[in-house]
Amino acid sequence: MARVQADPITAALAHPTRRNLYSTLLNNSEMSTVQLQSTVNVDRYNLYHHLKKLASLNLVENHRDVGRARWWRISTIVDIPGIIKPTNNNVNINEPSGGFSAKHLSEINAGVHSISLEGSRDKVGAKLLFEKLAEDLGIELAIPWNFVPGKIVLIEEEK
């Protein structure tokens with residue numbers, strides 16, 4: 001099987017855990033390793049592995065150490081589809097830039113159910129599930145290769 005060649009930054013941020021770390025740090029001026037670990041929900045070894053990769057590409061930096069705590073922040077902001085750069089502290093990067101927003105969903109006169117996808121395995125599994133479902137149903141699903149779902153929203157049909 002041939003390997004896909006891509007820009008190193010795009011390839012690094014295509015990984016769900018790295019993308020989640022990067023987008024989390026975009027919305028915060030800095031976060032400690034412990035804060036990042038609880039937010040991204042990975043073990044410490046994997047967290048450092050992914051932070052090291054992001055740091056090697058100069059996307060994040062360990063800018064200070066306090067005792068045993070390491071503090072991380074964004075060092076370079078890059079344009080990556082699906083990650084919205086913050087313009088102020090109130091930006092929610094999980095809000096879609098197009099399509100349905102929370103406001104649109106609240107206006108639908110039907111039951112709306114949201115499932116948050118916590119870990120990278122959940123996210124990758126959900127993406128593969130929807131790709132397979134679309135293939136089985138003959139639906140053309142134009143999901144970019146670097147798309148990583150954060151939630152699944154189910155909309156109940158009106159009866």
# chains A, B, ... in the order shown; residues from 1 in each chain; ligands from 1
$ residues_around --residues "A:Val42" --least-positions-apart "4" --cutoff "10 Å" --atoms "only C-alpha atoms" --output "list in words"
Thr17, Leu36, Gln37, Ser38, Asn46, Leu47, Tyr48, Glu118, Gly119 and Ser120 of chain A
$ write_last_selection --atoms "N, CA and C atoms" --output "CSV table (one decimal), in the first residue's frame"
chain,number,residue,atom,x,y,z
A,17,THR,N,-6.4,13.3,17.5
A,17,THR,CA,-5.9,13.8,18.8
A,17,THR,C,-5.1,15.0,18.7
A,36,LEU,N,-4.8,19.7,29.5
A,36,LEU,CA,-4.9,19.1,28.1
A,36,LEU,C,-5.3,17.7,28.2
A,37,GLN,N,-4.6,16.9,29.1
A,37,GLN,CA,-4.9,15.5,29.2
A,37,GLN,C,-6.4,15.3,29.6
A,38,SER,N,-7.0,16.0,30.5
A,38,SER,CA,-8.3,15.8,30.8
A,38,SER,C,-9.3,16.3,29.7
A,46,ASN,N,0.7,9.2,25.4
A,46,ASN,CA,0.2,9.6,24.1
A,46,ASN,C,0.1,11.1,23.9
A,47,LEU,N,-0.3,11.8,25.0
A,47,LEU,CA,-0.4,13.2,25.0
A,47,LEU,C,1.0,13.8,24.7
A,48,TYR,N,2.0,13.4,25.4
A,48,TYR,CA,3.4,13.9,25.1
A,48,TYR,C,3.8,13.6,23.7
A,118,GLU,N,-16.0,11.5,22.3
A,118,GLU,CA,-15.0,11.9,23.2
A,118,GLU,C,-13.6,11.6,22.7
A,119,GLY,N,-13.3,10.3,22.4
A,119,GLY,CA,-11.9,9.9,22.1
A,119,GLY,C,-11.7,9.9,20.6
A,120,SER,N,-10.4,9.8,20.2
A,120,SER,CA,-10.1,9.7,18.8
A,120,SER,C,-10.6,8.4,18.1
$ residues_around --residues "A:Leu21" --least-positions-apart "3" --cutoff "12 Å" --atoms "only C-alpha atoms" --output "ChimeraX atom specification"
/A:12-18,24-28,30-33,35-42,46-55,59-60,72-74,83,119-120
$ atom_distance --atom1 "atom CA of A:Val124" --atom2 "atom CA of A:Pro149"
7.8 Å
$ atom_distance --atom1 "atom CA of A:Val34" --atom2 "atom CA of A:Thr76"
21.9 Å
$ atom_distance --atom1 "atom CA of A:Ser114" --atom2 "atom CA of A:Leu154"
6.3 Å
$ closest_residue --among "A:Arg121, A:Ala69, A:Arg64, A:Val78" --to "A:Val148" --atoms "only C-alpha atoms"
A:Arg121
$ residues_around --residues "A:Ile143" --least-positions-apart "4" --cutoff "10 Å" --atoms "only C-alpha atoms" --output "NGL selection string"
:A and (127 or 130-131 or 147-148)
